[in-house]
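Below is one structure; the comments refer to it alone.
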Amino acid sequence: MRSPKESWFAISRQLSPGRAAVLTAWSFLLPLSIWCVVSYVPFIWHPDVKLEVGSTGATVYTAGDHVGKDYFPTLLAGARDENAGIAEAAAAGEPIKGSSRDNVKLLRMVLPIAISNGVLTPADDTNDAAIYGVWRRLATGDLVMSSPALSEENLSVIRDNWAIMSAISETYDKSALEKQKLLSLIPQGKPANPVYLPAPHEVLIQGYKSWTEEPAEGRSSMGERLRSSIIVVFGGFLLAALVSLPLGIVAGSYDFFSKLTEPFLDFFRYMPAPSFATLLVAIFGAHQSPKLALVFIGTLPHLCLMITKTTRMLDPSLLEAAQTLGSKRFHLLRKVVVPGIVPAVYNDLRIALGWAWTWLVIAELIGVKSGLTEVIDTQGTRRNFDQVFPVIFLIGIIGFATDQFLAWLRPKLFRWTEPKAPGLMGRWFGGVQNWFEPVLVAYRKG
Amino acid sequence: MSTVLELPSYLKQSPEVAARLARLKARPVELEVKGLTKRFMTPDGGTVTALKEINLSVHRREFMSVLGASGCGKSTFVRIVAGLETPTEGEVLLGGKAIRGPGPDRGMVFQGYTLFPWLSVKQNVMFGLEACGSSPTGAESDALQWIDLVGLAKFADAYPHQLSGGMKQRVAIARALANQPPVMLMDEPYGALDPQTRGQMQSYLLQIWENVDVTILFITHDLDEAIYLSDRILVLSPNPGQVLEIVEVPLSHPRSPEQFLSPEFLATKQRIEELIHPNKHASDDKLPMIRLTKVGDDVN
């Protein structure tokens, strides 16, 4: 089909559909693979250490916290120095007196790692008897943790502590913990990227979880949030289209209306839509209406001007021909202008729908936060970026899929337009088919 | 200046042609142009006279061409007749009445086809009929007859982008004629076509004109085309567009492509060329400006 000699870099020449599809796939795979490499290859970047075992020293860190790679050795040294002091005092026969409060805190430090190993559950966070049991089992080698494992250093700390504790009581007894200050666990962790760049699998898992989890009492599920966001985007967009279409067509056809509307719209579009946010809340209340209104005023002036321009670009000789055939005024508008510009206006509307999506996030932040943006805002503030990314991607995917669908639909709606090279989606499906072609041929043969 | 062939005077008409032209001039005047002048404003505030003092009478069922070099204002002329532009001075009368704006009584065929791309061939031809108040069913049966007349019955449901240039122009002619206008204006209709298609289209046009009672005002810059098609030719001078002469074509009817080589044809062509380029031979002497080395056949 394609000549093997044809260059991939022939200037201003279209590539074959197969090659185009390959490149289309790569345009997505490249950023995705960069993300994977940065996330999964440990020696690339990873400026942080994500703690599996926290620290109780001067600064308290809990498991899951990120500390800088440069600071981590200082943290280790601090814990080791403290333990050396405790051990020295004990060896000298004058063990440091402990406080039960500090020692309980220390015992509870194994909780996160025990949870991730499936030994305890988050509900056991104050079940000190069970935690005491875990210490016993760890010290006696009865229990071996594997995901993640405890370092040899920490296991020896556990054995030393257990020796002290078991001498007093085999079972949990808070008052008994006052006798002697226990050795502290040594912070332990893995190289990690900053919280704002979660790994792909974390994003996928969180995305799946947030979609399948039952929402907390009084909160919206993701499905409800998505529906609310779509109503804001499409509602605002459709309202803007409803106003822009007649206005743009009339202004594009008659200079009278053009001069009457265009200068103001030109001015209006330079006033940022979000600057009207508080005003819109004052007028429309705090719920969906002001959000729709924001998308509306963000989209309207541009769309109106664009439709005006599109209308003006209609081949004037078509209008002249129609006039010499007896078409006048409204007949001219209805039978020549409107059908003549519809395919171009369809593209204008596609672009405007893209703008509507960009206004969505700002719109949902005004008044009572709602929809998908509320998740981005609250989880982002809590630095749960693994919950933020799925929402951002969801918005992108829906916008992109809608646009591709509309592009694919266009030649089916306007059959009189000259057939053009297939769009991204057409090429994609064409390409996928090309890849499977040899497989299919082989399959048919035998 | 020596001519190889001794040509008769272009004014000499055979009795048959003379009789035909006499009958033609006895018919009522369909389209009359009186003292037509068109001036344009230039961006720097001056004025340009595109057309000056044009007077013309076109009789019923006459085929009249307007011929001139590019920029002589012939397109402006036909657009004024169509009502798409207004004259600065003078007026255009159709059937004795002054025209005001474009209308279905002057069908027009443009160089750029101007078919409505969203309508099929049939719907394009129906457009004018429906605009003028025909019922959809009446318009459809009328349209099909006109499409048949231009030989495109098989393509009635095709869209313009599926047709060749020649076919598009035939649809445009059917569309202009469907309203049965007394006058059809054609603004360089074949300018965008290749020479072969152009020849075919000229023959088609003559055939159609044989069968339809319509007066044609045909704009062209092609001498052969004008002579082959017309009863009379209005020759315009450039800057400003003025009538140089109205040439009566001494060719008999029905026209056929063989006539392109007849002495009458050549004599008429020579006369029009003299009108359009009066100093042509004088300027020829100055050429070439660049001296070229002769390249023989023995180039390796």
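Ordering of the structure tokens sets the chain letters (A, B, ...); residue numbers start at 1 within each chain; ligands are numbered from 1 in the order shown.
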Which chain B residues have any atom within 7 Å of an atom of chain A, and for each, what is the nearest pair of atoms with distance in Å to one decimal, counting only C-alpha atoms, rows sorted by chain and number, as JSON lines?
```
{"residue": "B:Pro102", "atom": "CA", "partner": "A:Thr324", "partner_atom": "CA", "distance": 5.2}
{"residue": "B:Gly103", "atom": "CA", "partner": "A:Thr324", "partner_atom": "CA", "distance": 4.8}
{"residue": "B:Pro104", "atom": "CA", "partner": "A:Gly326", "partner_atom": "CA", "distance": 4.5}
{"residue": "B:Arg106", "atom": "CA", "partner": "A:Thr324", "partner_atom": "CA", "distance": 6.5}
{"residue": "B:Gly107", "atom": "CA", "partner": "A:Thr324", "partner_atom": "CA", "distance": 5.8}
{"residue": "B:Met108", "atom": "CA", "partner": "A:Thr324", "partner_atom": "CA", "distance": 6.2}
{"residue": "B:Thr114", "atom": "CA", "partner": "A:Leu318", "partner_atom": "CA", "distance": 5.4}
{"residue": "B:Phe116", "atom": "CA", "partner": "A:Leu318", "partner_atom": "CA", "distance": 6.9}
{"residue": "B:Pro117", "atom": "CA", "partner": "A:Trp416", "partner_atom": "CA", "distance": 6.2}
{"residue": "B:Trp118", "atom": "CA", "partner": "A:Trp416", "partner_atom": "CA", "distance": 5.3}
{"residue": "B:Gly128", "atom": "CA", "partner": "A:Leu325", "partner_atom": "CA", "distance": 4.6}
{"residue": "B:Ala131", "atom": "CA", "partner": "A:Ser327", "partner_atom": "CA", "distance": 5.2}
{"residue": "B:Cys132", "atom": "CA", "partner": "A:Gly326", "partner_atom": "CA", "distance": 5.9}
{"residue": "B:Tyr159", "atom": "CA", "partner": "A:Trp416", "partner_atom": "CA", "distance": 6.1}
{"residue": "B:His161", "atom": "CA", "partner": "A:Glu418", "partner_atom": "CA", "distance": 6.4}
{"residue": "B:Ala176", "atom": "CA", "partner": "A:Leu325", "partner_atom": "CA", "distance": 6.9}
```
How about saving the chosen residues, C-alpha atoms kept, as a PDB file, in the first residue's frame?
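Output below, filename selection-v3.pdb:
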```
ATOM      1  CA  PRO B 102     -31.432  41.927  -8.521  1.00  0.00           C
ATOM      2  CA  GLY B 103     -34.413  39.827  -9.498  1.00  0.00           C
ATOM      3  CA  PRO B 104     -35.528  36.576 -11.054  1.00  0.00           C
ATOM      4  CA  ARG B 106     -32.534  38.356 -15.106  1.00  0.00           C
ATOM      5  CA  GLY B 107     -31.078  34.899 -14.490  1.00  0.00           C
ATOM      6  CA  MET B 108     -27.352  35.016 -13.983  1.00  0.00           C
ATOM      7  CA  THR B 114     -22.068  29.477  -7.286  1.00  0.00           C
ATOM      8  CA  PHE B 116     -25.397  25.854  -3.304  1.00  0.00           C
ATOM      9  CA  PRO B 117     -23.143  23.078  -2.032  1.00  0.00           C
ATOM     10  CA  TRP B 118     -25.678  21.821   0.520  1.00  0.00           C
ATOM     11  CA  GLY B 128     -35.331  29.817  -7.745  1.00  0.00           C
ATOM     12  CA  ALA B 131     -38.145  31.417  -4.028  1.00  0.00           C
ATOM     13  CA  CYS B 132     -40.608  32.720  -6.604  1.00  0.00           C
ATOM     14  CA  TYR B 159     -24.208  17.085  -4.803  1.00  0.00           C
ATOM     15  CA  HIS B 161     -18.836  18.599  -5.130  1.00  0.00           C
ATOM     16  CA  ALA B 176     -30.880  30.393 -14.118  1.00  0.00           C
TER      17      ALA B 176
END
```
Near Ala130 (chain A), counting only C-alpha atoms, which residues have an atom at most 10 Å away, once you skip same-chain residues fewer than 2 positions from it, shown as an MDAnalysis selection string?
chainID A and resid 111 119:120 124:128 132:136 171:172
DSSP on the backbone: which residues in region 157-231 of chain B end up as strand (DSSP E or B)? Give the answer as a PDB file with all heavy atoms, in the first residue's frame.
```pdb
ATOM      1  N   VAL B 183     -34.224  37.465 -19.826  1.00  0.00           N
ATOM      2  CA  VAL B 183     -32.807  37.706 -20.123  1.00  0.00           C
ATOM      3  C   VAL B 183     -31.946  36.796 -19.243  1.00  0.00           C
ATOM      4  O   VAL B 183     -32.207  36.649 -18.046  1.00  0.00           O
ATOM      5  CB  VAL B 183     -32.421  39.181 -19.833  1.00  0.00           C
ATOM      6  CG1 VAL B 183     -30.922  39.392 -20.020  1.00  0.00           C
ATOM      7  CG2 VAL B 183     -33.217  40.111 -20.733  1.00  0.00           C
ATOM      8  N   MET B 184     -30.905  36.182 -19.846  1.00  0.00           N
ATOM      9  CA  MET B 184     -29.930  35.454 -19.046  1.00  0.00           C
ATOM     10  C   MET B 184     -28.582  36.153 -19.186  1.00  0.00           C
ATOM     11  O   MET B 184     -28.107  36.406 -20.295  1.00  0.00           O
ATOM     12  CB  MET B 184     -29.813  33.989 -19.491  1.00  0.00           C
ATOM     13  CG  MET B 184     -28.756  33.241 -18.698  1.00  0.00           C
ATOM     14  SD  MET B 184     -28.969  31.445 -18.715  1.00  0.00           S
ATOM     15  CE  MET B 184     -28.474  31.064 -20.385  1.00  0.00           C
ATOM     16  N   LEU B 185     -27.997  36.481 -18.030  1.00  0.00           N
ATOM     17  CA  LEU B 185     -26.704  37.158 -18.015  1.00  0.00           C
ATOM     18  C   LEU B 185     -25.633  36.120 -17.702  1.00  0.00           C
ATOM     19  O   LEU B 185     -25.784  35.319 -16.780  1.00  0.00           O
ATOM     20  CB  LEU B 185     -26.689  38.236 -16.931  1.00  0.00           C
ATOM     21  CG  LEU B 185     -27.880  39.197 -16.955  1.00  0.00           C
ATOM     22  CD1 LEU B 185     -27.891  40.066 -15.696  1.00  0.00           C
ATOM     23  CD2 LEU B 185     -27.833  40.064 -18.203  1.00  0.00           C
ATOM     24  N   MET B 186     -24.552  36.123 -18.467  1.00  0.00           N
ATOM     25  CA  MET B 186     -23.503  35.139 -18.224  1.00  0.00           C
ATOM     26  C   MET B 186     -22.173  35.867 -18.105  1.00  0.00           C
ATOM     27  O   MET B 186     -21.703  36.458 -19.068  1.00  0.00           O
ATOM     28  CB  MET B 186     -23.478  34.098 -19.354  1.00  0.00           C
ATOM     29  CG  MET B 186     -24.826  33.426 -19.547  1.00  0.00           C
ATOM     30  SD  MET B 186     -24.835  32.155 -20.819  1.00  0.00           S
ATOM     31  CE  MET B 186     -24.182  30.754 -19.932  1.00  0.00           C
ATOM     32  N   ASP B 187     -21.588  35.816 -16.878  1.00  0.00           N
ATOM     33  CA  ASP B 187     -20.362  36.562 -16.605  1.00  0.00           C
ATOM     34  C   ASP B 187     -19.151  35.638 -16.722  1.00  0.00           C
ATOM     35  O   ASP B 187     -18.820  34.922 -15.776  1.00  0.00           O
ATOM     36  CB  ASP B 187     -20.441  37.162 -15.206  1.00  0.00           C
ATOM     37  CG  ASP B 187     -19.255  38.068 -14.909  1.00  0.00           C
ATOM     38  OD1 ASP B 187     -18.453  38.308 -15.824  1.00  0.00           O
ATOM     39  OD2 ASP B 187     -19.141  38.526 -13.750  1.00  0.00           O
ATOM     40  N   THR B 215     -33.098  35.867 -24.104  1.00  0.00           N
ATOM     41  CA  THR B 215     -32.093  36.794 -24.618  1.00  0.00           C
ATOM     42  C   THR B 215     -30.846  36.638 -23.767  1.00  0.00           C
ATOM     43  O   THR B 215     -30.954  36.604 -22.543  1.00  0.00           O
ATOM     44  CB  THR B 215     -32.612  38.241 -24.513  1.00  0.00           C
ATOM     45  OG1 THR B 215     -33.902  38.286 -25.118  1.00  0.00           O
ATOM     46  CG2 THR B 215     -31.676  39.218 -25.177  1.00  0.00           C
ATOM     47  N   ILE B 216     -29.696  36.512 -24.431  1.00  0.00           N
ATOM     48  CA  ILE B 216     -28.490  36.243 -23.652  1.00  0.00           C
ATOM     49  C   ILE B 216     -27.509  37.411 -23.767  1.00  0.00           C
ATOM     50  O   ILE B 216     -27.217  37.889 -24.864  1.00  0.00           O
ATOM     51  CB  ILE B 216     -27.820  34.929 -24.108  1.00  0.00           C
ATOM     52  CG1 ILE B 216     -28.756  33.745 -23.836  1.00  0.00           C
ATOM     53  CG2 ILE B 216     -26.489  34.726 -23.381  1.00  0.00           C
ATOM     54  CD1 ILE B 216     -28.203  32.400 -24.234  1.00  0.00           C
ATOM     55  N   LEU B 217     -27.009  37.851 -22.611  1.00  0.00           N
ATOM     56  CA  LEU B 217     -25.924  38.827 -22.577  1.00  0.00           C
ATOM     57  C   LEU B 217     -24.721  38.088 -22.005  1.00  0.00           C
ATOM     58  O   LEU B 217     -24.722  37.677 -20.840  1.00  0.00           O
ATOM     59  CB  LEU B 217     -26.310  40.007 -21.684  1.00  0.00           C
ATOM     60  CG  LEU B 217     -25.365  41.210 -21.725  1.00  0.00           C
ATOM     61  CD1 LEU B 217     -25.384  41.872 -23.090  1.00  0.00           C
ATOM     62  CD2 LEU B 217     -25.747  42.222 -20.649  1.00  0.00           C
ATOM     63  N   PHE B 218     -23.709  37.892 -22.858  1.00  0.00           N
ATOM     64  CA  PHE B 218     -22.627  36.972 -22.540  1.00  0.00           C
ATOM     65  C   PHE B 218     -21.333  37.759 -22.413  1.00  0.00           C
ATOM     66  O   PHE B 218     -20.897  38.423 -23.353  1.00  0.00           O
ATOM     67  CB  PHE B 218     -22.525  35.953 -23.688  1.00  0.00           C
ATOM     68  CG  PHE B 218     -21.634  34.779 -23.419  1.00  0.00           C
ATOM     69  CD1 PHE B 218     -22.160  33.575 -22.986  1.00  0.00           C
ATOM     70  CD2 PHE B 218     -20.260  34.853 -23.640  1.00  0.00           C
ATOM     71  CE1 PHE B 218     -21.339  32.477 -22.768  1.00  0.00           C
ATOM     72  CE2 PHE B 218     -19.438  33.766 -23.417  1.00  0.00           C
ATOM     73  CZ  PHE B 218     -19.977  32.576 -22.983  1.00  0.00           C
ATOM     74  N   ILE B 219     -20.710  37.712 -21.231  1.00  0.00           N
ATOM     75  CA  ILE B 219     -19.472  38.472 -21.002  1.00  0.00           C
ATOM     76  C   ILE B 219     -18.289  37.545 -21.226  1.00  0.00           C
ATOM     77  O   ILE B 219     -18.258  36.432 -20.693  1.00  0.00           O
ATOM     78  CB  ILE B 219     -19.410  38.997 -19.550  1.00  0.00           C
ATOM     79  CG1 ILE B 219     -20.697  39.700 -19.164  1.00  0.00           C
ATOM     80  CG2 ILE B 219     -18.195  39.891 -19.355  1.00  0.00           C
ATOM     81  CD1 ILE B 219     -21.064  40.862 -20.041  1.00  0.00           C
ATOM     82  N   THR B 220     -17.307  37.971 -21.992  1.00  0.00           N
ATOM     83  CA  THR B 220     -16.134  37.126 -22.208  1.00  0.00           C
ATOM     84  C   THR B 220     -14.943  37.983 -22.617  1.00  0.00           C
ATOM     85  O   THR B 220     -15.103  39.130 -23.041  1.00  0.00           O
ATOM     86  CB  THR B 220     -16.407  36.053 -23.273  1.00  0.00           C
ATOM     87  OG1 THR B 220     -15.263  35.235 -23.405  1.00  0.00           O
ATOM     88  CG2 THR B 220     -16.733  36.674 -24.619  1.00  0.00           C
TER      89      THR B 220
END
```
Which of region 183-262 of chain A DSSP labels helix (DSSP H, G or I), written as a PyMOL selection string: chain A and resi 200-212+222-253+255-262
Just to confirm, what's the straight-line distance from CA of Gln145 (chain B) to CA of Trp209 (chain B) in Å (one decimal)?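 If I compute the distance from CA of Gln145 (chain B) to CA of Trp209 (chain B), I get 15.1 Å.
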> What's the 10 Å shell around Lys174 (chain A), counting only C-alpha atoms, without same-chain residues fewer than 4 positions away, as number ranges by chain?
Replying inline: A: 99-101, 103-104, 128-129, 169, 178
| Looking at only C-alpha atoms, which of B:Leu234, B:Leu94, B:Ala174, B:Leu193 is the one that sits closest to Gln111 (chain B)? |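 Among the listed residues, the smallest separation from Gln111 (chain B) belongs to B:Leu193.
Across the structure, CA of Tyr113 (chain B) and CA of Thr49 (chain B) are spaced 28.5 Å apart.
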Exercise for the section: In Å, rounded to a single decimal, give me how far CA of Gly199 (chain B) is from CA of Ile147 (chain B). Expected result: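 So the two atoms, CA of Ile147 (chain B) and CA of Gly199 (chain B), lie 20.2 Å apart.
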task = Pick out the residues sitting within 10 Å of region 365-370 of chain A, and hand them over as a ChimeraX atom specification; count only C-alpha atoms, and ignore anything fewer than 2 positions along from it in its own chain.
result = /A:220,225-226,228-229,274,277-278,280-282,284-291,294,360-363,372-375,377-378
Note to self: Could you list, as a PyMOL selection string, every residue within 12 Å of Leu149 (chain B), counting only C-alpha atoms and ignoring same-chain residues fewer than 2 positions away?
What the structure shows: chain B and resi 142-147+151-154+156+170-171+173-175+177-178+204-205+207-212
